[in-house]
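Novice: My questions all concern the structure below.
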Amino acid sequence: MNRRKIALGTAALAAGLMALPAMAQNEQFIPVLSYRTGAYAPNGTPFANGMVDYYNMINERDGGINGVKLLVEECETGYATDRGVECYDRLKGKGPTGAAFFNPLSTGITFAVTDKAPIDKMPIITMGYGRSESADGSVFPWNFPLLGTYWSAADMAVQHVAAKSGGRAGLKDKKIFLVYHDSPYGKEPIALLENYAKLDGFQFTALPVAHPGTEQKSTWLQIRQQRPDWVLLWGWGIMNSTSIKEAAAVNYPRDKMIGVWWSGAEPDVIPAEAGAKGYNALTLQHGSGTFPVHNDIVKNVYDKNKGMGKKEEMGHVLYNRGMLNAALGVEAIRKAQSRYGNKPLTGEQVRWGLENLSVDATRIAAMGMDGMIQPVKISCADHEGARRARVHQWNGKAWDFVSGWYEADISRIGPMYKAAAAKYAADKKITPRDCSKES
Amino acid sequence: MFYREAGQFKTDYRSDQQIFPITQDRVAVWAMAITAFTAVPYFATDYLIISILNPFLILAIAAIGLNILVGYCGQISLGTGAFMAIGAYAAYNFATHFPGLNLLVIFVLAGLTSALIGILFGIPSLRIKGFYLTVATLAAQFFFEWLFLRVKWFTNYSPSGSVVAPPLGIFGLPIATPHAKYFLVLGITVIVALIAANLTRGHIGRSWMAIRDMDIAAEIIGIRPMQAKLSAFAVSSFFVGIAGALWAFVFLGSWEPLAFDINRSFQLLFMIIIGGLGSILGSFVGAAFIMMLPIFLNQAPALFGIHLSTETVSHLEFMIFGVLIVFFLIAEPHGLARLWAIGKEKLRIWPFPH
């Protein structure tokens, strides 16, 4: 009896394994590392929804990219580096040609897979995060910190402070504090801000907040005592809403706070309720709101009941960012297909597409993102492609733009990129590419 | 039937004192070792090696280290993550400041640094016991996390606080492929397991166990508590430090103190509790259980063709994992290694249980 049961069970199991779906050959595999659980889930979920919805929309509306269907698989990292590395290794070889690229969605995972990328020939897209110096494509051929690094972000935050203080000279003797997530993510801007403090003559203090960021009483007590002129916030997940609540509790003016683009979305301000009113944050080009591309997603994905999230949360900042992240990846595959043919591509081929990616105004309009982003042009020397941002403010119900476009000052950041990239190259014994010889 | 020691006579002390006195065990272990060194790298995919086997072996080394302290000497420690971090950062600093150093020397030096600090944090164990000692080791955990986050010298003034392992290589041979890394880790694991097994069988191990079982009685029969306890701390931290250096250099390649936070300490403690306290085998089984099971559970639904949302899968992973931990602890509080030992006992007398 028992033995028969075991035999039956084994047979059923074998049958289950056989029934695995046959791999279609004309599919491009795209991995999505996401975190829908854990301390960062409120922010990770809308981002992942935006990404997956966009890929699904491309499949439903266009039948894939030039006939090549996108095969998307999510892997939950929980924002933990070791699980992220495991996901990367699990997914990098899937599909007929392997993964097109990875979006690690965590600075820690980015740092860990940066070492693996050249060996696996796998492009790493870190849109608006990751290693700042990886903007230098000659040392980091596989990293693409599209649309802005943390150094660009910090530069533009200082520009906003300067604009509000009557020009660059007004920065002198101002007190600027940075409240940051105590991880590589939060520490990235410190080197740049320390440098700028010397150049512009402002006083800079960095206050760390330990992961996950729910305990900030002592930090905000210091802010109450020392009354800085501006507070920059470099938080993620629950830390952001906690910071805004604590700021309200010590009555620090919220309109003197500037969050980085990862600290300026709906899950950050809504929990703080009225206390969040007046809070500012940089935007990674786009803000909240819906654009023509959203209608396509509603029509092709949500109306067919294939949507990942709620329809009414579609215009939210992080949803839009996930969508934009997916869109730039799709554009890179398109570009690579123009050279290698309309078939599934390897990571190495997609890397060429990323490096030669140019999204101009007409293309943006065709993508249905008119007014959402500005043109992006990647080159071998510049893997950032664009370094522009606006500041938006939470009015209690929605985000309003309160500044024009800032552009990070490459004459200041450029030398820092070069120096940091050269140090990395020396540590890892990498010979930088000669970008003048790249096609 | 096959697992029977009838007819295996021990005619000299040598054969009586082997690690595996039963021939079948010896054959099985040799077969496993040969498989691990030859067949596994031949058949295993890169994913299996990089993401499953390497981290499993490294965590098994750490679990052996912790088991020496907790399982054999009875000193409960929550500072394992910190000692792994010490190993990792010591290895990083030796590698950056002395670039020509052999990788194996770096690992040994990292282990020694960790051992030295382990002795330092073991000193309170001479005065305090049980929960109080746990709290003292907890202090080590928080202190070193703080130290590696704050004191920039340890991270070579890296702006983000994240450090990168140098390219690996031994005697001019680069260790870059998954297979090369696997052989390195496997080799070190075998050496560590052998050293640990022999230490715990000898007079040092016996003094640890005497202290664990009743420290006053041990003192009366002539065991010096200071030497026994501090040597346990030193050996334990040495292995844990090597595991930390391997975790950082071989598995992660680039890391921050968060990789060695308190959760890592808990994870290792759970490994040895579930695997079996005071058992080298238990360290391996526990490491396999705690490390591999969640990854398997995460992939299981897709493997059987069931499509669930990513959230559901990870919630299920947590739930089933938790239930299994509780189940195994109820089924056998002494750990999986004990279950194995009971099974072996049964096999030896099968089919006549009396």
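Residues are named by chain letter and number: chains run A, B, ... in the order of the structure tokens, numbers start at 1 in each chain, and ligands are numbered from 1 in the order shown.
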May I ask you to extract the residues of chain B within 8 Å of chain A, using only C-alpha atoms, and to give them as a count of residues only?
Specialist: 24
Novice: If you count only C-alpha atoms, which residues fall within 8 Å of Gly137 (chain A), apart from same-chain ones fewer than 5 positions away, as a list in words?
Specialist: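 The contact residues come out as Trp142, Asn143, Phe144, Ser379, Cys380, Ala381, Asp382 and His383 of chain A.
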Novice: Which of region 37-231 of chain A end up as helix (DSSP H, G or I) when DSSP is run on this backbone - answer as a PDB file with C-alpha atoms, in the first residue's frame?
Specialist:
ATOM      1  CA  ALA A  41       7.595  46.360  -0.305  1.00  0.00           C
ATOM      2  CA  PRO A  42       5.462  49.558  -0.347  1.00  0.00           C
ATOM      3  CA  ASN A  43       7.965  51.052  -2.783  1.00  0.00           C
ATOM      4  CA  GLY A  44       9.067  47.897  -4.551  1.00  0.00           C
ATOM      5  CA  THR A  45       5.566  46.770  -5.503  1.00  0.00           C
ATOM      6  CA  PRO A  46       4.438  49.733  -7.666  1.00  0.00           C
ATOM      7  CA  PHE A  47       7.825  49.787  -9.381  1.00  0.00           C
ATOM      8  CA  ALA A  48       7.598  46.103 -10.292  1.00  0.00           C
ATOM      9  CA  ASN A  49       3.956  46.560 -11.402  1.00  0.00           C
ATOM     10  CA  GLY A  50       4.999  49.335 -13.761  1.00  0.00           C
ATOM     11  CA  MET A  51       7.745  47.250 -15.281  1.00  0.00           C
ATOM     12  CA  VAL A  52       5.727  44.101 -15.824  1.00  0.00           C
ATOM     13  CA  ASP A  53       2.676  46.000 -17.104  1.00  0.00           C
ATOM     14  CA  TYR A  54       4.802  47.754 -19.713  1.00  0.00           C
ATOM     15  CA  TYR A  55       6.355  44.522 -20.958  1.00  0.00           C
ATOM     16  CA  ASN A  56       2.905  42.927 -21.112  1.00  0.00           C
ATOM     17  CA  MET A  57       1.610  45.940 -23.002  1.00  0.00           C
ATOM     18  CA  ILE A  58       4.373  45.572 -25.606  1.00  0.00           C
ATOM     19  CA  ASN A  59       3.440  41.912 -26.002  1.00  0.00           C
ATOM     20  CA  GLU A  60      -0.282  42.582 -26.244  1.00  0.00           C
ATOM     21  CA  ARG A  61      -0.213  45.724 -28.378  1.00  0.00           C
ATOM     22  CA  ASP A  62       2.693  45.061 -30.737  1.00  0.00           C
ATOM     23  CA  THR A  81      21.908  41.190  -1.546  1.00  0.00           C
ATOM     24  CA  ASP A  82      22.484  37.435  -1.313  1.00  0.00           C
ATOM     25  CA  ARG A  83      18.994  36.602  -2.562  1.00  0.00           C
ATOM     26  CA  GLY A  84      19.448  39.153  -5.344  1.00  0.00           C
ATOM     27  CA  VAL A  85      22.686  37.500  -6.435  1.00  0.00           C
ATOM     28  CA  GLU A  86      20.912  34.139  -6.367  1.00  0.00           C
ATOM     29  CA  CYS A  87      18.117  35.557  -8.577  1.00  0.00           C
ATOM     30  CA  TYR A  88      20.697  36.959 -10.963  1.00  0.00           C
ATOM     31  CA  ASP A  89      22.443  33.619 -11.345  1.00  0.00           C
ATOM     32  CA  ARG A  90      19.141  31.788 -11.614  1.00  0.00           C
ATOM     33  CA  LEU A  91      17.783  33.963 -14.410  1.00  0.00           C
ATOM     34  CA  THR A 107      22.341  49.518  -4.772  1.00  0.00           C
ATOM     35  CA  GLY A 108      23.699  46.563  -2.777  1.00  0.00           C
ATOM     36  CA  ILE A 109      22.738  44.045  -5.477  1.00  0.00           C
ATOM     37  CA  THR A 110      24.130  46.401  -8.126  1.00  0.00           C
ATOM     38  CA  PHE A 111      27.505  46.458  -6.407  1.00  0.00           C
ATOM     39  CA  ALA A 112      27.551  42.681  -6.160  1.00  0.00           C
ATOM     40  CA  VAL A 113      26.528  41.968  -9.770  1.00  0.00           C
ATOM     41  CA  THR A 114      28.806  44.668 -11.186  1.00  0.00           C
ATOM     42  CA  ASP A 115      31.694  42.250 -10.694  1.00  0.00           C
ATOM     43  CA  LYS A 116      29.851  39.422 -12.376  1.00  0.00           C
ATOM     44  CA  ALA A 117      28.525  41.359 -15.362  1.00  0.00           C
ATOM     45  CA  PRO A 118      31.755  41.430 -17.437  1.00  0.00           C
ATOM     46  CA  ILE A 119      32.198  37.665 -16.988  1.00  0.00           C
ATOM     47  CA  ASP A 120      28.600  36.858 -17.912  1.00  0.00           C
ATOM     48  CA  SER A 132      27.837  56.842  -9.438  1.00  0.00           C
ATOM     49  CA  GLU A 133      31.185  56.372 -11.177  1.00  0.00           C
ATOM     50  CA  SER A 134      29.691  53.683 -13.422  1.00  0.00           C
ATOM     51  CA  ALA A 135      28.526  56.609 -15.587  1.00  0.00           C
ATOM     52  CA  TYR A 150      23.264  59.907  -7.054  1.00  0.00           C
ATOM     53  CA  TRP A 151      25.993  62.424  -7.691  1.00  0.00           C
ATOM     54  CA  SER A 152      23.881  64.074 -10.376  1.00  0.00           C
ATOM     55  CA  ALA A 153      20.980  64.025  -7.941  1.00  0.00           C
ATOM     56  CA  ALA A 154      22.992  65.626  -5.142  1.00  0.00           C
ATOM     57  CA  ASP A 155      24.317  68.255  -7.565  1.00  0.00           C
ATOM     58  CA  MET A 156      20.799  69.169  -8.638  1.00  0.00           C
ATOM     59  CA  ALA A 157      19.556  69.231  -5.047  1.00  0.00           C
ATOM     60  CA  VAL A 158      22.294  71.759  -4.232  1.00  0.00           C
ATOM     61  CA  GLN A 159      21.320  73.735  -7.324  1.00  0.00           C
ATOM     62  CA  HIS A 160      17.754  73.890  -6.043  1.00  0.00           C
ATOM     63  CA  VAL A 161      18.974  75.143  -2.675  1.00  0.00           C
ATOM     64  CA  ALA A 162      21.099  77.732  -4.487  1.00  0.00           C
ATOM     65  CA  ALA A 163      18.126  78.830  -6.565  1.00  0.00           C
ATOM     66  CA  LYS A 164      16.105  79.334  -3.396  1.00  0.00           C
ATOM     67  CA  ARG A 168      25.330  80.059  -5.862  1.00  0.00           C
ATOM     68  CA  ALA A 169      26.851  82.749  -3.625  1.00  0.00           C
ATOM     69  CA  GLY A 170      23.862  82.418  -1.328  1.00  0.00           C
ATOM     70  CA  LEU A 171      25.017  78.949  -0.351  1.00  0.00           C
ATOM     71  CA  PRO A 184      25.855  52.144   0.018  1.00  0.00           C
ATOM     72  CA  TYR A 185      22.701  53.740  -1.394  1.00  0.00           C
ATOM     73  CA  GLY A 186      22.562  56.448   1.251  1.00  0.00           C
ATOM     74  CA  LYS A 187      26.312  56.971   1.368  1.00  0.00           C
ATOM     75  CA  GLU A 188      26.754  57.554  -2.356  1.00  0.00           C
ATOM     76  CA  PRO A 189      26.042  61.319  -2.302  1.00  0.00           C
ATOM     77  CA  ILE A 190      28.255  62.065   0.716  1.00  0.00           C
ATOM     78  CA  ALA A 191      31.531  62.288  -1.211  1.00  0.00           C
ATOM     79  CA  LEU A 192      30.018  64.782  -3.628  1.00  0.00           C
ATOM     80  CA  LEU A 193      28.305  66.882  -0.973  1.00  0.00           C
ATOM     81  CA  GLU A 194      31.512  67.096   1.067  1.00  0.00           C
ATOM     82  CA  ASN A 195      33.318  68.260  -2.019  1.00  0.00           C
ATOM     83  CA  TYR A 196      30.637  70.871  -2.783  1.00  0.00           C
ATOM     84  CA  ALA A 197      30.651  72.073   0.814  1.00  0.00           C
ATOM     85  CA  LYS A 198      34.278  73.071   0.269  1.00  0.00           C
ATOM     86  CA  LEU A 199      33.633  74.630  -3.140  1.00  0.00           C
ATOM     87  CA  ASP A 200      30.523  76.587  -2.176  1.00  0.00           C
ATOM     88  CA  LYS A 217      14.056  60.114  17.008  1.00  0.00           C
ATOM     89  CA  SER A 218      17.647  61.041  17.846  1.00  0.00           C
ATOM     90  CA  THR A 219      18.352  62.157  14.282  1.00  0.00           C
ATOM     91  CA  TRP A 220      15.491  64.605  14.271  1.00  0.00           C
ATOM     92  CA  LEU A 221      16.319  65.753  17.777  1.00  0.00           C
ATOM     93  CA  GLN A 222      19.693  66.859  16.428  1.00  0.00           C
ATOM     94  CA  ILE A 223      17.961  68.636  13.576  1.00  0.00           C
ATOM     95  CA  ARG A 224      15.668  70.400  16.001  1.00  0.00           C
ATOM     96  CA  GLN A 225      18.625  71.572  18.067  1.00  0.00           C
ATOM     97  CA  GLN A 226      20.817  72.692  15.180  1.00  0.00           C
TER      98      GLN A 226
END
Novice: Per DSSP on the backbone, what are the strand (DSSP E) residues of region 31-269 of chain B, as a list in words?
Specialist: Val163, Val164, Gly169, Ile170, Leu173, Pro174, Ser254 and Trp255 of chain B
Novice: Would you mind listing what lies within 10 Å of region 357-360 of chain A as a ChimeraX atom specification, with only C-alpha atoms counted and same-chain residues fewer than 2 positions away left out?
Specialist: /A:328-329,331-336,351-355,362-367,373-379,383,385
Novice: Can I get the selected residues back with C-alpha atoms, as a PDB file, in the first residue's frame?
Specialist:
ATOM      1  CA  LEU A 328      14.181  52.250 -21.952  1.00  0.00           C
ATOM      2  CA  GLY A 329      15.132  48.593 -21.854  1.00  0.00           C
ATOM      3  CA  GLU A 331      14.158  50.785 -26.701  1.00  0.00           C
ATOM      4  CA  ALA A 332      17.654  49.367 -26.181  1.00  0.00           C
ATOM      5  CA  ILE A 333      16.524  45.972 -27.501  1.00  0.00           C
ATOM      6  CA  ARG A 334      14.937  47.744 -30.480  1.00  0.00           C
ATOM      7  CA  LYS A 335      18.178  49.555 -31.179  1.00  0.00           C
ATOM      8  CA  ALA A 336      20.175  46.333 -30.887  1.00  0.00           C
ATOM      9  CA  ARG A 351      24.681  46.080 -24.472  1.00  0.00           C
ATOM     10  CA  TRP A 352      25.533  47.529 -27.875  1.00  0.00           C
ATOM     11  CA  GLY A 353      21.933  48.698 -28.138  1.00  0.00           C
ATOM     12  CA  LEU A 354      22.146  50.386 -24.752  1.00  0.00           C
ATOM     13  CA  GLU A 355      25.433  52.067 -25.499  1.00  0.00           C
ATOM     14  CA  THR A 362       9.927  62.178 -31.875  1.00  0.00           C
ATOM     15  CA  ARG A 363      10.677  58.772 -30.399  1.00  0.00           C
ATOM     16  CA  ILE A 364       9.402  59.934 -27.006  1.00  0.00           C
ATOM     17  CA  ALA A 365       6.155  61.033 -28.633  1.00  0.00           C
ATOM     18  CA  ALA A 366       5.880  57.679 -30.411  1.00  0.00           C
ATOM     19  CA  MET A 367       6.369  55.914 -27.069  1.00  0.00           C
ATOM     20  CA  ILE A 373      10.753  62.571 -20.139  1.00  0.00           C
ATOM     21  CA  GLN A 374      13.407  64.503 -21.988  1.00  0.00           C
ATOM     22  CA  PRO A 375      15.691  63.120 -24.717  1.00  0.00           C
ATOM     23  CA  VAL A 376      18.323  60.595 -23.660  1.00  0.00           C
ATOM     24  CA  LYS A 377      21.505  59.835 -25.526  1.00  0.00           C
ATOM     25  CA  ILE A 378      23.966  57.222 -24.312  1.00  0.00           C
ATOM     26  CA  SER A 379      27.517  56.943 -25.552  1.00  0.00           C
ATOM     27  CA  HIS A 383      26.418  55.843 -19.725  1.00  0.00           C
ATOM     28  CA  GLY A 385      22.642  59.722 -21.027  1.00  0.00           C
TER      29      GLY A 385
END
Novice: Would you kindly return, as JSON, numbers by chain, each protein, DNA or RNA residue with an atom no farther than 12 Å from any atom of Ile244 (chain A), considering only C-alpha atoms and excluding same-chain residues fewer than 5 positions away?
Specialist: {"A": [179, 213, 214, 216, 217, 220, 231, 232, 233, 234, 235, 238, 239, 249, 250, 251, 252, 253, 254, 255, 256, 257, 258, 259, 263, 264, 267, 268, 269, 270, 271, 272, 273, 274, 275, 276, 277, 278, 279, 280, 281, 394]}
Novice: Given the selection you just returned, output its residues as a file containing N, CA and C atoms, formatted as a compact mmCIF listing (two decimals), in the first residue's frame.
Specialist:
# COMPACT_ATOMS: atom_id res chain seq x y z
N VAL A 179 20.07 63.45 5.70
CA VAL A 179 19.58 62.31 6.47
C VAL A 179 19.57 61.13 5.52
N GLY A 213 15.01 51.93 9.11
CA GLY A 213 14.74 53.36 9.15
C GLY A 213 13.52 53.77 9.94
N THR A 214 13.06 52.89 10.83
CA THR A 214 11.90 53.26 11.62
C THR A 214 12.29 54.00 12.89
N GLN A 216 14.20 57.05 14.20
CA GLN A 216 14.89 58.28 13.80
C GLN A 216 14.76 59.40 14.83
N LYS A 217 14.31 59.07 16.02
CA LYS A 217 14.06 60.11 17.01
C LYS A 217 15.30 60.97 17.26
N TRP A 220 16.30 63.39 14.40
CA TRP A 220 15.49 64.60 14.27
C TRP A 220 15.62 65.50 15.49
N VAL A 231 17.35 70.29 4.66
CA VAL A 231 17.61 68.88 4.94
C VAL A 231 17.41 68.09 3.65
N LEU A 232 18.44 67.37 3.25
CA LEU A 232 18.31 66.48 2.11
C LEU A 232 17.98 65.09 2.65
N LEU A 233 17.05 64.41 2.01
CA LEU A 233 16.63 63.10 2.49
C LEU A 233 17.00 62.04 1.46
N TRP A 234 17.76 61.04 1.91
CA TRP A 234 18.19 59.97 1.03
C TRP A 234 17.70 58.65 1.62
N GLY A 235 16.38 58.46 1.59
CA GLY A 235 15.81 57.28 2.24
C GLY A 235 15.11 56.40 1.25
N ILE A 238 10.09 52.47 4.16
CA ILE A 238 9.45 53.01 5.36
C ILE A 238 10.22 54.18 5.94
N MET A 239 11.53 54.24 5.64
CA MET A 239 12.35 55.33 6.20
C MET A 239 11.83 56.70 5.76
N ALA A 249 6.90 66.19 13.57
CA ALA A 249 6.85 66.13 15.02
C ALA A 249 7.78 67.17 15.66
N VAL A 250 8.95 67.43 15.05
CA VAL A 250 9.84 68.44 15.63
C VAL A 250 9.62 69.80 14.96
N ASN A 251 8.58 69.85 14.13
CA ASN A 251 8.20 71.09 13.48
C ASN A 251 9.30 71.65 12.59
N TYR A 252 10.01 70.78 11.94
CA TYR A 252 10.98 71.26 10.95
C TYR A 252 10.21 71.53 9.66
N PRO A 253 10.38 72.72 9.04
CA PRO A 253 9.57 73.03 7.86
C PRO A 253 9.77 72.01 6.74
N ARG A 254 8.69 71.40 6.29
CA ARG A 254 8.78 70.37 5.25
C ARG A 254 9.20 70.96 3.92
N ASP A 255 8.91 72.26 3.71
CA ASP A 255 9.30 72.82 2.41
C ASP A 255 10.80 73.14 2.36
N LYS A 256 11.50 72.87 3.46
CA LYS A 256 12.96 72.99 3.43
C LYS A 256 13.61 71.61 3.31
N MET A 257 12.77 70.63 3.05
CA MET A 257 13.31 69.28 2.87
C MET A 257 13.28 68.94 1.39
N ILE A 258 14.39 68.33 0.92
CA ILE A 258 14.41 67.87 -0.46
C ILE A 258 14.79 66.39 -0.45
N GLY A 259 13.89 65.59 -0.95
CA GLY A 259 14.19 64.16 -1.04
C GLY A 259 14.84 63.86 -2.38
N SER A 263 12.91 59.21 -2.75
CA SER A 263 12.18 59.62 -1.53
C SER A 263 11.08 60.58 -1.90
N GLY A 264 10.51 60.40 -3.07
CA GLY A 264 9.49 61.35 -3.48
C GLY A 264 8.36 60.68 -4.23
N PRO A 267 3.89 56.44 -1.64
CA PRO A 267 3.99 55.69 -0.38
C PRO A 267 4.83 56.40 0.68
N ASP A 268 5.62 57.41 0.26
CA ASP A 268 6.45 58.13 1.21
C ASP A 268 5.67 59.22 1.94
N VAL A 269 4.74 59.85 1.21
CA VAL A 269 4.05 61.00 1.79
C VAL A 269 2.68 60.66 2.35
N ILE A 270 1.99 59.71 1.75
CA ILE A 270 0.61 59.43 2.19
C ILE A 270 0.55 58.99 3.65
N PRO A 271 1.47 58.12 4.13
CA PRO A 271 1.39 57.74 5.55
C PRO A 271 1.60 58.92 6.50
N ALA A 272 2.30 59.97 6.03
CA ALA A 272 2.55 61.11 6.92
C ALA A 272 1.38 62.08 6.93
N GLU A 273 0.34 61.80 6.12
CA GLU A 273 -0.89 62.58 6.07
C GLU A 273 -0.63 64.07 5.90
N ALA A 274 -1.24 64.91 6.76
CA ALA A 274 -1.11 66.35 6.58
C ALA A 274 0.33 66.82 6.79
N GLY A 275 1.08 66.04 7.58
CA GLY A 275 2.46 66.43 7.87
C GLY A 275 3.35 66.47 6.65
N ALA A 276 2.92 65.84 5.57
CA ALA A 276 3.77 65.78 4.38
C ALA A 276 3.58 66.98 3.46
N LYS A 277 2.60 67.80 3.76
CA LYS A 277 2.29 68.91 2.87
C LYS A 277 3.50 69.85 2.78
N GLY A 278 3.90 70.18 1.55
CA GLY A 278 5.01 71.09 1.36
C GLY A 278 6.34 70.39 1.18
N TYR A 279 6.35 69.07 1.36
CA TYR A 279 7.59 68.30 1.21
C TYR A 279 8.03 68.26 -0.26
N ASN A 280 9.33 68.48 -0.49
CA ASN A 280 9.87 68.52 -1.86
C ASN A 280 10.65 67.26 -2.16
N ALA A 281 10.72 66.92 -3.43
CA ALA A 281 11.60 65.83 -3.84
C ALA A 281 12.02 66.05 -5.28
N TRP A 394 4.64 68.03 -2.64
CA TRP A 394 3.39 67.36 -2.29
C TRP A 394 2.42 68.39 -1.71
Novice: For region 329-334 of chain B, list every protein, DNA or RNA residue within 9 Å, evaluated using only C-alpha atoms, and leave out those in the same chain fewer than 4 positions away; present the list as a PDB file with N, CA and C atoms, in the first residue's frame.
Specialist:
ATOM      1  N   ILE B 273      21.048  24.711  15.399  1.00  0.00           N
ATOM      2  CA  ILE B 273      19.997  24.164  16.263  1.00  0.00           C
ATOM      3  C   ILE B 273      19.186  23.136  15.489  1.00  0.00           C
ATOM      4  N   ILE B 274      18.844  23.459  14.251  1.00  0.00           N
ATOM      5  CA  ILE B 274      18.047  22.525  13.458  1.00  0.00           C
ATOM      6  C   ILE B 274      18.893  21.366  12.966  1.00  0.00           C
ATOM      7  N   GLY B 275      20.144  21.652  12.632  1.00  0.00           N
ATOM      8  CA  GLY B 275      21.020  20.590  12.142  1.00  0.00           C
ATOM      9  C   GLY B 275      21.422  19.645  13.251  1.00  0.00           C
ATOM     10  N   GLY B 276      21.712  20.192  14.406  1.00  0.00           N
ATOM     11  CA  GLY B 276      22.119  19.341  15.520  1.00  0.00           C
ATOM     12  C   GLY B 276      23.289  19.971  16.253  1.00  0.00           C
ATOM     13  N   LEU B 277      23.070  20.301  17.525  1.00  0.00           N
ATOM     14  CA  LEU B 277      24.152  20.892  18.318  1.00  0.00           C
ATOM     15  C   LEU B 277      25.181  19.809  18.617  1.00  0.00           C
ATOM     16  N   LEU B 324       8.017  24.019   8.596  1.00  0.00           N
ATOM     17  CA  LEU B 324       8.977  22.924   8.595  1.00  0.00           C
ATOM     18  C   LEU B 324       9.952  23.028   9.757  1.00  0.00           C
ATOM     19  N   ILE B 325      10.374  24.274  10.071  1.00  0.00           N
ATOM     20  CA  ILE B 325      11.275  24.444  11.215  1.00  0.00           C
ATOM     21  C   ILE B 325      10.594  23.924  12.476  1.00  0.00           C
ATOM     22  N   ARG B 338      20.493  14.179  14.698  1.00  0.00           N
ATOM     23  CA  ARG B 338      20.018  13.161  15.642  1.00  0.00           C
ATOM     24  C   ARG B 338      19.045  12.215  14.946  1.00  0.00           C
ATOM     25  N   LEU B 339      18.190  12.781  14.094  1.00  0.00           N
ATOM     26  CA  LEU B 339      17.265  11.949  13.315  1.00  0.00           C
ATOM     27  C   LEU B 339      18.056  10.938  12.499  1.00  0.00           C
TER      28      LEU B 339
END
Novice: Excluding region 231-239 of chain B and any residue of its chain fewer than 4 positions from it, enumerate the residues within 7 Å of it, using only C-alpha atoms, and give them as a list in words.
Specialist: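 The neighbour list is Ile61, Ala62, Gly65, Leu66, Ile68, Leu69, Cys73, Phe83, Gly111, Leu112, Ser114, Ala115, Leu116, Gly118, Ile119, Gly122, Trp208, Gln227 and Ala243 of chain B.
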Novice: Provide the CA of Ile76 (chain B) to CA of Ile290 (chain B) distance in Å, to one decimal place.
Specialist: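 About the pair CA of Ile76 (chain B) and CA of Ile290 (chain B): they are 19.0 Å apart.
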Novice: Given only C-alpha atoms as the basis, pick out the residue of A:Phe177, A:Gln285, A:Glu312, A:Ser411 nearest to Val298 (chain A).
Specialist: A:Glu312
Novice: Might you pull out every residue within 12 Å of Leu104 (chain B), with only C-alpha atoms counted and same-chain residues fewer than 3 positions away left off, and present them as a list in words?
Specialist: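 Here the answer would be Ala91, Phe94, Ala95, Gly100, Leu101, Phe107, Val108, Leu109, Ala110, Gly111, Leu168, Gly169, Ile170, Phe171, Leu184, Val185, Gly187, Ile188, Ile242, Ala245, Leu246 and Phe249 of chain B.
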Novice: What is the distance between CA of Arg321 (chain A) and CA of Leu284 (chain A), in Å to one decimal?
Specialist: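 Atom-to-atom, CA of Arg321 (chain A) and CA of Leu284 (chain A) are spaced 8.0 Å apart.
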Novice: Please compute the CA of Ala140 (chain B)-CA of Thr113 (chain B) distance, one decimal, in Å.
Specialist: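 CA of Ala140 (chain B) sits 14.4 Å away from CA of Thr113 (chain B).
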